[in-house]
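Data file: entry.pdb. Format and content: PDB, C-alpha atoms.
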```
ATOM      1  CA  GLU A 150      29.652   0.655   7.471  1.00  0.00           C
ATOM      2  CA  ARG A 151      26.321  -1.184   7.173  1.00  0.00           C
ATOM      3  CA  GLN A 152      27.026  -3.235   4.043  1.00  0.00           C
ATOM      4  CA  ALA A 153      27.770  -6.492   5.900  1.00  0.00           C
ATOM      5  CA  ASP A 154      24.520  -6.143   7.862  1.00  0.00           C
ATOM      6  CA  LEU A 155      22.551  -5.450   4.674  1.00  0.00           C
ATOM      7  CA  THR A 156      24.071  -8.495   2.951  1.00  0.00           C
ATOM      8  CA  SER A 157      23.040 -10.680   5.880  1.00  0.00           C
ATOM      9  CA  MET A 158      19.541  -9.186   5.939  1.00  0.00           C
ATOM     10  CA  ARG A 159      19.087  -9.681   2.181  1.00  0.00           C
ATOM     11  CA  ALA A 160      19.919 -13.370   2.601  1.00  0.00           C
ATOM     12  CA  ARG A 161      17.422 -13.720   5.454  1.00  0.00           C
ATOM     13  CA  VAL A 162      14.701 -11.976   3.433  1.00  0.00           C
ATOM     14  CA  ALA A 163      15.332 -14.283   0.454  1.00  0.00           C
ATOM     15  CA  GLU A 164      15.142 -17.377   2.616  1.00  0.00           C
ATOM     16  CA  TYR A 165      12.005 -16.210   4.403  1.00  0.00           C
ATOM     17  CA  PHE A 166       9.839 -15.213   1.414  1.00  0.00           C
ATOM     18  CA  ARG A 167      10.748 -17.853  -1.177  1.00  0.00           C
ATOM     19  CA  GLY A 168       7.574 -18.844  -3.061  1.00  0.00           C
ATOM     20  CA  CYS A 169       5.262 -16.561  -1.035  1.00  0.00           C
ATOM     21  CA  ASN A 170       2.610 -14.073  -2.111  1.00  0.00           C
ATOM     22  CA  VAL A 171       3.844 -11.040  -0.213  1.00  0.00           C
ATOM     23  CA  LEU A 172       2.128  -7.838   0.863  1.00  0.00           C
ATOM     24  CA  GLU A 173       4.837  -5.238   1.419  1.00  0.00           C
ATOM     25  CA  ILE A 174       3.819  -2.276   3.557  1.00  0.00           C
ATOM     26  CA  ALA A 175       5.466   1.141   3.148  1.00  0.00           C
ATOM     27  CA  CYS A 176       7.726  -0.040   0.326  1.00  0.00           C
ATOM     28  CA  GLY A 177       9.250   3.375  -0.307  1.00  0.00           C
ATOM     29  CA  THR A 178      11.574   3.415  -3.296  1.00  0.00           C
ATOM     30  CA  GLY A 179      11.527  -0.374  -3.577  1.00  0.00           C
ATOM     31  CA  TYR A 180      14.857  -1.324  -2.001  1.00  0.00           C
ATOM     32  CA  TRP A 181      13.425  -4.343  -0.165  1.00  0.00           C
ATOM     33  CA  THR A 182      10.830  -4.947  -2.889  1.00  0.00           C
ATOM     34  CA  THR A 183      13.609  -5.841  -5.336  1.00  0.00           C
ATOM     35  CA  GLU A 184      15.049  -8.346  -2.858  1.00  0.00           C
ATOM     36  CA  ILE A 185      11.693  -9.965  -2.131  1.00  0.00           C
ATOM     37  CA  ALA A 186      10.740 -10.077  -5.839  1.00  0.00           C
ATOM     38  CA  ARG A 187      13.779 -12.249  -6.583  1.00  0.00           C
ATOM     39  CA  VAL A 188      12.272 -15.152  -4.643  1.00  0.00           C
ATOM     40  CA  ALA A 189       8.547 -14.538  -4.048  1.00  0.00           C
ATOM     41  CA  SER A 190       5.751 -15.793  -6.277  1.00  0.00           C
ATOM     42  CA  SER A 191       4.242 -12.301  -6.199  1.00  0.00           C
ATOM     43  CA  VAL A 192       4.651  -8.984  -4.389  1.00  0.00           C
ATOM     44  CA  THR A 193       2.052  -6.291  -3.877  1.00  0.00           C
ATOM     45  CA  ALA A 194       4.047  -3.332  -2.583  1.00  0.00           C
ATOM     46  CA  ILE A 195       2.153  -0.366  -1.174  1.00  0.00           C
ATOM     47  CA  ASP A 196       3.134   3.098  -0.042  1.00  0.00           C
ATOM     48  CA  ALA A 197       1.207   6.251   0.809  1.00  0.00           C
ATOM     49  CA  SER A 198       3.540   8.388  -1.334  1.00  0.00           C
ATOM     50  CA  ALA A 199       3.094   8.467  -5.101  1.00  0.00           C
ATOM     51  CA  GLU A 200       6.536  10.086  -5.432  1.00  0.00           C
ATOM     52  CA  VAL A 201       8.429   7.149  -3.928  1.00  0.00           C
ATOM     53  CA  LEU A 202       6.332   4.664  -5.917  1.00  0.00           C
ATOM     54  CA  ASP A 203       7.404   6.519  -9.079  1.00  0.00           C
ATOM     55  CA  VAL A 204      11.036   5.954  -8.086  1.00  0.00           C
ATOM     56  CA  ALA A 205      10.370   2.255  -7.471  1.00  0.00           C
ATOM     57  CA  ALA A 206       8.526   1.868 -10.776  1.00  0.00           C
ATOM     58  CA  VAL A 207      11.585   2.696 -12.882  1.00  0.00           C
ATOM     59  CA  LYS A 208      13.731  -0.048 -11.344  1.00  0.00           C
ATOM     60  CA  ALA A 209      14.313  -2.631 -14.064  1.00  0.00           C
ATOM     61  CA  SER A 210      14.215  -5.509 -11.597  1.00  0.00           C
ATOM     62  CA  LEU A 211      10.671  -4.535 -10.596  1.00  0.00           C
ATOM     63  CA  GLN A 212       9.478  -4.071 -14.159  1.00  0.00           C
ATOM     64  CA  GLN A 213      10.445  -7.650 -15.013  1.00  0.00           C
ATOM     65  CA  SER A 214       8.894  -9.446 -12.062  1.00  0.00           C
ATOM     66  CA  ALA A 215       5.556 -10.285 -10.489  1.00  0.00           C
ATOM     67  CA  VAL A 216       5.420  -6.997  -8.581  1.00  0.00           C
ATOM     68  CA  GLU A 217       2.449  -4.675  -8.362  1.00  0.00           C
ATOM     69  CA  LEU A 218       3.163  -1.232  -6.932  1.00  0.00           C
ATOM     70  CA  MET A 219       0.123   0.471  -5.435  1.00  0.00           C
ATOM     71  CA  LEU A 220      -0.754   3.647  -3.645  1.00  0.00           C
ATOM     72  CA  GLY A 221      -2.103   2.413  -0.336  1.00  0.00           C
ATOM     73  CA  ASP A 222      -2.609   3.198   3.319  1.00  0.00           C
ATOM     74  CA  ALA A 223      -1.054   0.843   5.873  1.00  0.00           C
ATOM     75  CA  PHE A 224      -4.022   1.524   8.140  1.00  0.00           C
ATOM     76  CA  GLU A 225      -6.540   0.581   5.407  1.00  0.00           C
ATOM     77  CA  LEU A 226      -5.156  -2.777   4.242  1.00  0.00           C
ATOM     78  CA  GLU A 227      -8.623  -4.160   3.466  1.00  0.00           C
ATOM     79  CA  ALA A 228      -8.620  -1.859   0.407  1.00  0.00           C
ATOM     80  CA  ILE A 229      -5.614  -3.672  -1.089  1.00  0.00           C
ATOM     81  CA  PRO A 230      -6.700  -6.408  -3.522  1.00  0.00           C
ATOM     82  CA  GLY A 231      -5.104  -9.837  -3.519  1.00  0.00           C
ATOM     83  CA  ARG A 232      -4.459 -12.904  -1.388  1.00  0.00           C
ATOM     84  CA  PHE A 233      -1.327 -12.975   0.709  1.00  0.00           C
ATOM     85  CA  ASP A 234       0.450 -15.601   2.758  1.00  0.00           C
ATOM     86  CA  ALA A 235       3.243 -13.285   3.867  1.00  0.00           C
ATOM     87  CA  ALA A 236       3.887  -9.643   4.720  1.00  0.00           C
ATOM     88  CA  PHE A 237       6.953  -7.452   5.026  1.00  0.00           C
ATOM     89  CA  ALA A 238       7.425  -4.009   6.535  1.00  0.00           C
ATOM     90  CA  GLY A 239      10.903  -2.523   6.449  1.00  0.00           C
ATOM     91  CA  PHE A 240      11.568   0.447   8.722  1.00  0.00           C
ATOM     92  CA  TRP A 241       7.833   1.046   9.183  1.00  0.00           C
ATOM     93  CA  TRP A 242       7.167  -0.146  12.751  1.00  0.00           C
ATOM     94  CA  SER A 243       9.122   2.788  14.182  1.00  0.00           C
ATOM     95  CA  HIS A 244       6.908   5.275  12.291  1.00  0.00           C
ATOM     96  CA  VAL A 245       3.617   3.950  13.676  1.00  0.00           C
ATOM     97  CA  PRO A 246       2.216   6.117  16.492  1.00  0.00           C
ATOM     98  CA  HIS A 247       1.780   4.156  19.721  1.00  0.00           C
ATOM     99  CA  ASP A 248      -1.971   4.727  19.699  1.00  0.00           C
ATOM    100  CA  ARG A 249      -2.318   3.289  16.159  1.00  0.00           C
ATOM    101  CA  MET A 250      -0.178   0.149  16.527  1.00  0.00           C
ATOM    102  CA  HIS A 251      -3.081  -2.021  17.662  1.00  0.00           C
ATOM    103  CA  ALA A 252      -5.220  -0.953  14.673  1.00  0.00           C
ATOM    104  CA  PHE A 253      -2.335  -1.527  12.262  1.00  0.00           C
ATOM    105  CA  LEU A 254      -1.630  -5.045  13.564  1.00  0.00           C
ATOM    106  CA  ASP A 255      -5.339  -5.926  13.577  1.00  0.00           C
ATOM    107  CA  GLY A 256      -5.670  -4.793   9.953  1.00  0.00           C
ATOM    108  CA  LEU A 257      -2.606  -6.779   8.941  1.00  0.00           C
ATOM    109  CA  HIS A 258      -3.893  -9.867  10.737  1.00  0.00           C
ATOM    110  CA  ARG A 259      -7.222  -9.631   8.876  1.00  0.00           C
ATOM    111  CA  ARG A 260      -5.397  -9.572   5.501  1.00  0.00           C
ATOM    112  CA  LEU A 261      -3.348 -12.713   6.107  1.00  0.00           C
ATOM    113  CA  GLY A 262      -4.327 -16.337   6.479  1.00  0.00           C
ATOM    114  CA  VAL A 263      -3.480 -18.670   9.324  1.00  0.00           C
ATOM    115  CA  ASP A 264       0.230 -19.537   9.485  1.00  0.00           C
ATOM    116  CA  SER A 265       1.236 -16.587   7.312  1.00  0.00           C
ATOM    117  CA  ARG A 266       4.746 -15.220   7.569  1.00  0.00           C
ATOM    118  CA  ILE A 267       5.421 -11.654   8.640  1.00  0.00           C
ATOM    119  CA  MET A 268       8.786  -9.940   8.831  1.00  0.00           C
ATOM    120  CA  PHE A 269       9.393  -6.560  10.385  1.00  0.00           C
ATOM    121  CA  VAL A 270      12.824  -4.992   9.923  1.00  0.00           C
ATOM    122  CA  ASP A 271      13.697  -1.793  11.726  1.00  0.00           C
ATOM    123  CA  ASN A 272      16.550  -0.032  13.452  1.00  0.00           C
ATOM    124  CA  ARG A 273      17.334   0.687  17.051  1.00  0.00           C
ATOM    125  CA  PHE A 274      18.469   3.899  18.628  1.00  0.00           C
ATOM    126  CA  VAL A 275      22.244   3.975  19.118  1.00  0.00           C
ATOM    127  CA  GLU A 276      23.561   6.914  21.108  1.00  0.00           C
ATOM    128  CA  GLY A 277      26.103   8.863  19.062  1.00  0.00           C
ATOM    129  CA  ASN A 278      25.140   7.111  15.800  1.00  0.00           C
ATOM    130  CA  SER A 279      21.402   7.742  15.445  1.00  0.00           C
ATOM    131  CA  THR A 280      19.809  11.106  14.805  1.00  0.00           C
ATOM    132  CA  PRO A 281      19.046  12.520  18.271  1.00  0.00           C
ATOM    133  CA  ILE A 282      15.501  12.476  19.623  1.00  0.00           C
ATOM    134  CA  SER A 283      14.196  16.058  19.461  1.00  0.00           C
ATOM    135  CA  ARG A 284      11.024  15.624  21.500  1.00  0.00           C
ATOM    136  CA  ARG A 285       8.587  13.193  23.101  1.00  0.00           C
ATOM    137  CA  ASP A 286       4.816  13.731  23.056  1.00  0.00           C
ATOM    138  CA  GLY A 287       2.277  12.937  25.774  1.00  0.00           C
ATOM    139  CA  ALA A 288       1.630   9.454  24.328  1.00  0.00           C
ATOM    140  CA  GLY A 289       5.324   8.558  24.537  1.00  0.00           C
ATOM    141  CA  ASN A 290       6.025   8.861  20.792  1.00  0.00           C
ATOM    142  CA  THR A 291       9.482  10.184  19.978  1.00  0.00           C
ATOM    143  CA  PHE A 292      10.453  12.487  17.124  1.00  0.00           C
ATOM    144  CA  GLN A 293      13.590  13.438  15.212  1.00  0.00           C
ATOM    145  CA  GLN A 294      14.479  16.495  13.157  1.00  0.00           C
ATOM    146  CA  ARG A 295      15.663  15.407   9.694  1.00  0.00           C
ATOM    147  CA  PRO A 296      17.663  17.818   7.516  1.00  0.00           C
ATOM    148  CA  LEU A 297      16.898  18.417   3.837  1.00  0.00           C
ATOM    149  CA  SER A 298      19.504  19.243   1.201  1.00  0.00           C
ATOM    150  CA  THR A 299      17.990  22.743   1.057  1.00  0.00           C
ATOM    151  CA  GLY A 300      19.057  23.389   4.640  1.00  0.00           C
ATOM    152  CA  ALA A 301      15.508  23.137   5.968  1.00  0.00           C
ATOM    153  CA  SER A 302      14.479  20.377   8.326  1.00  0.00           C
ATOM    154  CA  TYR A 303      11.316  18.470   9.083  1.00  0.00           C
ATOM    155  CA  GLU A 304      10.064  16.492  12.042  1.00  0.00           C
ATOM    156  CA  VAL A 305       9.607  12.723  11.767  1.00  0.00           C
ATOM    157  CA  LEU A 306       7.878  10.343  14.161  1.00  0.00           C
ATOM    158  CA  LYS A 307      10.530   7.764  15.018  1.00  0.00           C
ATOM    159  CA  ASN A 308       9.852   5.411  17.913  1.00  0.00           C
ATOM    160  CA  PHE A 309      12.549   2.997  19.032  1.00  0.00           C
ATOM    161  CA  PRO A 310      10.725   0.231  20.900  1.00  0.00           C
ATOM    162  CA  GLU A 311      12.531  -2.257  23.077  1.00  0.00           C
ATOM    163  CA  GLU A 312      12.564  -5.862  21.888  1.00  0.00           C
ATOM    164  CA  SER A 313      10.190  -6.894  24.694  1.00  0.00           C
ATOM    165  CA  GLU A 314       7.669  -4.232  23.607  1.00  0.00           C
ATOM    166  CA  VAL A 315       7.646  -5.526  20.015  1.00  0.00           C
ATOM    167  CA  LEU A 316       7.313  -9.148  21.151  1.00  0.00           C
ATOM    168  CA  ASN A 317       4.447  -8.266  23.516  1.00  0.00           C
ATOM    169  CA  GLN A 318       2.616  -6.436  20.727  1.00  0.00           C
ATOM    170  CA  LEU A 319       3.006  -9.361  18.328  1.00  0.00           C
ATOM    171  CA  VAL A 320       2.000 -12.057  20.787  1.00  0.00           C
ATOM    172  CA  GLY A 321      -0.950  -9.894  21.809  1.00  0.00           C
ATOM    173  CA  HIS A 322      -2.140 -10.027  18.186  1.00  0.00           C
ATOM    174  CA  ARG A 323      -2.292 -13.797  17.848  1.00  0.00           C
ATOM    175  CA  ALA A 324       1.269 -14.246  16.625  1.00  0.00           C
ATOM    176  CA  HIS A 325       2.903 -17.554  17.376  1.00  0.00           C
ATOM    177  CA  ALA A 326       6.405 -18.824  16.718  1.00  0.00           C
ATOM    178  CA  VAL A 327       7.873 -15.331  16.954  1.00  0.00           C
ATOM    179  CA  GLU A 328      11.507 -15.326  15.938  1.00  0.00           C
ATOM    180  CA  HIS A 329      13.957 -12.587  16.716  1.00  0.00           C
ATOM    181  CA  GLY A 330      17.608 -12.884  16.116  1.00  0.00           C
ATOM    182  CA  ALA A 331      19.163 -10.175  14.019  1.00  0.00           C
ATOM    183  CA  ARG A 332      20.407  -7.542  16.408  1.00  0.00           C
ATOM    184  CA  GLN A 333      22.294  -5.172  14.196  1.00  0.00           C
ATOM    185  CA  GLN A 334      22.855  -1.960  16.111  1.00  0.00           C
ATOM    186  CA  TRP A 335      22.219   0.768  13.565  1.00  0.00           C
TER
END
```

Please re-express this file's structure in structure tokens.
Amino acid sequence: ERQADLTSMRARVAEYFRGCNVLEIACGTGYWTTEIARVASSVTAIDASAEVLDVAAVKASLQQSAVELMLGDAFELEAIPGRFDAAFAGFWWSHVPHDRMHAFLDGLHRRLGVDSRIMFVDNRFVEGNSTPISRRDGAGNTFQQRPLSTGASYEVLKNFPEESEVLNQLVGHRAHAVEHGARQQW
């Protein structure tokens, strides 16, 4: 059901990062990395999980491009080598605790030059379609229970900020020319 939305998003990503040196945060298994690598001059894709980086590393499209996969912490971006004029984080914003968002955005800002491009892609909560919220902590963070194929489940931090909250955070961190347009409801 989401294929049309993904096709549209892939086109937007390609247009946005053409010719850029991109820092990708929380790249996971490399789904978006492969799309960015098609058009970017270079991609440094980081994730805190060695297991998902191993999955990304076997993708032929990443082996034949200017992509460097690295174990890295999104809250310690100064440790990532390279010069970047763009950044991408797909489905990461919603996993950042409220009390760490400021530090994350400050660290990202320090890694990028003036007039750099940043794209955040994430989903919104849709009643009846999204995994239900299982609890809310004292800081306002929300959590979901995610099932495993073994029948067990685990708890995941999953915040669903309103558009105004995201825009206020970005503008508060020296962002200018903030664009927002894709409103897929997944």

Care to translate the PyMOL selection byres ((chain A and resi 240-254) around 9) into actual residues of this file, as number ranges by chain? A: 174-176, 223-226, 238-239, 255-259, 269-273, 288-290, 305-310, 318-319, 322

Write the residues you've just listed into a file as a PDB file, in the coordinates of the input, and include C-alpha atoms for each of them.
```
ATOM      1  CA  ILE A 174       3.819  -2.276   3.557  1.00  0.00           C
ATOM      2  CA  ALA A 175       5.466   1.141   3.148  1.00  0.00           C
ATOM      3  CA  CYS A 176       7.726  -0.040   0.326  1.00  0.00           C
ATOM      4  CA  ALA A 223      -1.054   0.843   5.873  1.00  0.00           C
ATOM      5  CA  PHE A 224      -4.022   1.524   8.140  1.00  0.00           C
ATOM      6  CA  GLU A 225      -6.540   0.581   5.407  1.00  0.00           C
ATOM      7  CA  LEU A 226      -5.156  -2.777   4.242  1.00  0.00           C
ATOM      8  CA  ALA A 238       7.425  -4.009   6.535  1.00  0.00           C
ATOM      9  CA  GLY A 239      10.903  -2.523   6.449  1.00  0.00           C
ATOM     10  CA  ASP A 255      -5.339  -5.926  13.577  1.00  0.00           C
ATOM     11  CA  GLY A 256      -5.670  -4.793   9.953  1.00  0.00           C
ATOM     12  CA  LEU A 257      -2.606  -6.779   8.941  1.00  0.00           C
ATOM     13  CA  HIS A 258      -3.893  -9.867  10.737  1.00  0.00           C
ATOM     14  CA  ARG A 259      -7.222  -9.631   8.876  1.00  0.00           C
ATOM     15  CA  PHE A 269       9.393  -6.560  10.385  1.00  0.00           C
ATOM     16  CA  VAL A 270      12.824  -4.992   9.923  1.00  0.00           C
ATOM     17  CA  ASP A 271      13.697  -1.793  11.726  1.00  0.00           C
ATOM     18  CA  ASN A 272      16.550  -0.032  13.452  1.00  0.00           C
ATOM     19  CA  ARG A 273      17.334   0.687  17.051  1.00  0.00           C
ATOM     20  CA  ALA A 288       1.630   9.454  24.328  1.00  0.00           C
ATOM     21  CA  GLY A 289       5.324   8.558  24.537  1.00  0.00           C
ATOM     22  CA  ASN A 290       6.025   8.861  20.792  1.00  0.00           C
ATOM     23  CA  VAL A 305       9.607  12.723  11.767  1.00  0.00           C
ATOM     24  CA  LEU A 306       7.878  10.343  14.161  1.00  0.00           C
ATOM     25  CA  LYS A 307      10.530   7.764  15.018  1.00  0.00           C
ATOM     26  CA  ASN A 308       9.852   5.411  17.913  1.00  0.00           C
ATOM     27  CA  PHE A 309      12.549   2.997  19.032  1.00  0.00           C
ATOM     28  CA  PRO A 310      10.725   0.231  20.900  1.00  0.00           C
ATOM     29  CA  GLN A 318       2.616  -6.436  20.727  1.00  0.00           C
ATOM     30  CA  LEU A 319       3.006  -9.361  18.328  1.00  0.00           C
ATOM     31  CA  HIS A 322      -2.140 -10.027  18.186  1.00  0.00           C
TER      32      HIS A 322
END
```

Got a sec to resolve the PyMOL selection byres ((chain A and resi 191-202) around 7) on this structure and send the residues as a ChimeraX atom specification? /A:169-178,182,186,189-190,203-206,215-222

Matched chain/residue IDs from the PyMOL selection byres ((chain A and resi 163) around 12), as a PyMOL selection string: chain A and resi 156-162+164-169+171+181-190+237+268

Could you write out the selected residues, including C-alpha atoms, as a PDB file, in the coordinates of the input?
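As a result, out_4.pdb now contains:
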```
ATOM      1  CA  THR A 156      24.071  -8.495   2.951  1.00  0.00           C
ATOM      2  CA  SER A 157      23.040 -10.680   5.880  1.00  0.00           C
ATOM      3  CA  MET A 158      19.541  -9.186   5.939  1.00  0.00           C
ATOM      4  CA  ARG A 159      19.087  -9.681   2.181  1.00  0.00           C
ATOM      5  CA  ALA A 160      19.919 -13.370   2.601  1.00  0.00           C
ATOM      6  CA  ARG A 161      17.422 -13.720   5.454  1.00  0.00           C
ATOM      7  CA  VAL A 162      14.701 -11.976   3.433  1.00  0.00           C
ATOM      8  CA  GLU A 164      15.142 -17.377   2.616  1.00  0.00           C
ATOM      9  CA  TYR A 165      12.005 -16.210   4.403  1.00  0.00           C
ATOM     10  CA  PHE A 166       9.839 -15.213   1.414  1.00  0.00           C
ATOM     11  CA  ARG A 167      10.748 -17.853  -1.177  1.00  0.00           C
ATOM     12  CA  GLY A 168       7.574 -18.844  -3.061  1.00  0.00           C
ATOM     13  CA  CYS A 169       5.262 -16.561  -1.035  1.00  0.00           C
ATOM     14  CA  VAL A 171       3.844 -11.040  -0.213  1.00  0.00           C
ATOM     15  CA  TRP A 181      13.425  -4.343  -0.165  1.00  0.00           C
ATOM     16  CA  THR A 182      10.830  -4.947  -2.889  1.00  0.00           C
ATOM     17  CA  THR A 183      13.609  -5.841  -5.336  1.00  0.00           C
ATOM     18  CA  GLU A 184      15.049  -8.346  -2.858  1.00  0.00           C
ATOM     19  CA  ILE A 185      11.693  -9.965  -2.131  1.00  0.00           C
ATOM     20  CA  ALA A 186      10.740 -10.077  -5.839  1.00  0.00           C
ATOM     21  CA  ARG A 187      13.779 -12.249  -6.583  1.00  0.00           C
ATOM     22  CA  VAL A 188      12.272 -15.152  -4.643  1.00  0.00           C
ATOM     23  CA  ALA A 189       8.547 -14.538  -4.048  1.00  0.00           C
ATOM     24  CA  SER A 190       5.751 -15.793  -6.277  1.00  0.00           C
ATOM     25  CA  PHE A 237       6.953  -7.452   5.026  1.00  0.00           C
ATOM     26  CA  MET A 268       8.786  -9.940   8.831  1.00  0.00           C
TER      27      MET A 268
END
```

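Between CA of Asn278 (chain A) and CA of Asp154 (chain A) there is a distance of 15.5 Å.
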
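One distance worth recording is that between CA of Val315 (chain A) and CA of Arg295 (chain A), which is 24.7 Å.
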
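The space separating CA of Val263 (chain A) from CA of Asp234 (chain A) comes to 8.2 Å.
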
Residue completion, region 308-316 of chain A, all heavy atoms, as an mmCIF file, keeping the file's coordinate frame:
```cif
data_model
loop_
_atom_site.group_PDB
_atom_site.id
_atom_site.type_symbol
_atom_site.label_atom_id
_atom_site.label_comp_id
_atom_site.auth_asym_id
_atom_site.auth_seq_id
_atom_site.Cartn_x
_atom_site.Cartn_y
_atom_site.Cartn_z
ATOM 1 N N ASN A 308 9.816 6.127 16.644
ATOM 2 C CA ASN A 308 9.852 5.411 17.913
ATOM 3 C C ASN A 308 10.912 4.309 17.837
ATOM 4 O O ASN A 308 11.119 3.724 16.782
ATOM 5 C CB ASN A 308 8.489 4.791 18.218
ATOM 6 C CG ASN A 308 7.458 5.834 18.565
ATOM 7 O OD1 ASN A 308 7.717 6.740 19.337
ATOM 8 N ND2 ASN A 308 6.266 5.723 17.974
ATOM 9 N N PHE A 309 11.545 4.054 18.948
ATOM 10 C CA PHE A 309 12.549 2.997 19.032
ATOM 11 C C PHE A 309 12.139 2.041 20.146
ATOM 12 O O PHE A 309 12.626 2.118 21.269
ATOM 13 C CB PHE A 309 13.936 3.586 19.329
ATOM 14 C CG PHE A 309 14.479 4.422 18.210
ATOM 15 C CD1 PHE A 309 14.326 5.803 18.221
ATOM 16 C CD2 PHE A 309 15.131 3.844 17.145
ATOM 17 C CE1 PHE A 309 14.825 6.576 17.191
ATOM 18 C CE2 PHE A 309 15.635 4.612 16.109
ATOM 19 C CZ PHE A 309 15.477 5.984 16.130
ATOM 20 N N PRO A 310 11.211 1.110 19.842
ATOM 21 C CA PRO A 310 10.725 0.231 20.900
ATOM 22 C C PRO A 310 11.789 -0.779 21.328
ATOM 23 O O PRO A 310 12.666 -1.160 20.549
ATOM 24 C CB PRO A 310 9.543 -0.490 20.244
ATOM 25 C CG PRO A 310 9.885 -0.494 18.791
ATOM 26 C CD PRO A 310 10.615 0.807 18.551
ATOM 27 N N GLU A 311 11.683 -1.186 22.574
ATOM 28 C CA GLU A 311 12.531 -2.257 23.077
ATOM 29 C C GLU A 311 12.036 -3.580 22.497
ATOM 30 O O GLU A 311 10.865 -3.726 22.135
ATOM 31 C CB GLU A 311 12.486 -2.305 24.604
ATOM 32 C CG GLU A 311 13.075 -1.079 25.276
ATOM 33 C CD GLU A 311 14.566 -0.929 25.012
ATOM 34 O OE1 GLU A 311 15.274 -1.960 24.994
ATOM 35 O OE2 GLU A 311 15.013 0.207 24.814
ATOM 36 N N GLU A 312 12.917 -4.549 22.425
ATOM 37 C CA GLU A 312 12.564 -5.862 21.888
ATOM 38 C C GLU A 312 11.350 -6.450 22.607
ATOM 39 O O GLU A 312 10.437 -6.989 21.974
ATOM 40 C CB GLU A 312 13.762 -6.802 22.023
ATOM 41 C CG GLU A 312 13.538 -8.184 21.459
ATOM 42 C CD GLU A 312 14.792 -9.036 21.548
ATOM 43 O OE1 GLU A 312 15.908 -8.502 21.446
ATOM 44 O OE2 GLU A 312 14.632 -10.252 21.726
ATOM 45 N N SER A 313 11.304 -6.333 23.928
ATOM 46 C CA SER A 313 10.190 -6.894 24.694
ATOM 47 C C SER A 313 8.865 -6.239 24.313
ATOM 48 O O SER A 313 7.824 -6.899 24.258
ATOM 49 C CB SER A 313 10.447 -6.748 26.195
ATOM 50 O OG SER A 313 10.568 -5.382 26.546
ATOM 51 N N GLU A 314 8.884 -4.942 24.008
ATOM 52 C CA GLU A 314 7.669 -4.232 23.607
ATOM 53 C C GLU A 314 7.144 -4.771 22.277
ATOM 54 O O GLU A 314 5.942 -5.001 22.114
ATOM 55 C CB GLU A 314 7.969 -2.737 23.501
ATOM 56 C CG GLU A 314 6.794 -1.879 23.140
ATOM 57 C CD GLU A 314 7.173 -0.412 22.999
ATOM 58 O OE1 GLU A 314 8.261 0.006 23.438
ATOM 59 O OE2 GLU A 314 6.358 0.331 22.431
ATOM 60 N N VAL A 315 8.036 -4.983 21.322
ATOM 61 C CA VAL A 315 7.646 -5.526 20.015
ATOM 62 C C VAL A 315 7.085 -6.934 20.195
ATOM 63 O O VAL A 315 6.019 -7.269 19.659
ATOM 64 C CB VAL A 315 8.838 -5.526 19.030
ATOM 65 C CG1 VAL A 315 8.476 -6.246 17.741
ATOM 66 C CG2 VAL A 315 9.292 -4.104 18.752
ATOM 67 N N LEU A 316 7.778 -7.773 20.942
ATOM 68 C CA LEU A 316 7.313 -9.148 21.151
ATOM 69 C C LEU A 316 5.949 -9.167 21.840
ATOM 70 O O LEU A 316 5.068 -9.946 21.452
ATOM 71 C CB LEU A 316 8.334 -9.940 21.958
ATOM 72 C CG LEU A 316 9.657 -10.204 21.233
ATOM 73 C CD1 LEU A 316 10.652 -10.870 22.169
ATOM 74 C CD2 LEU A 316 9.448 -11.038 19.982
#
```
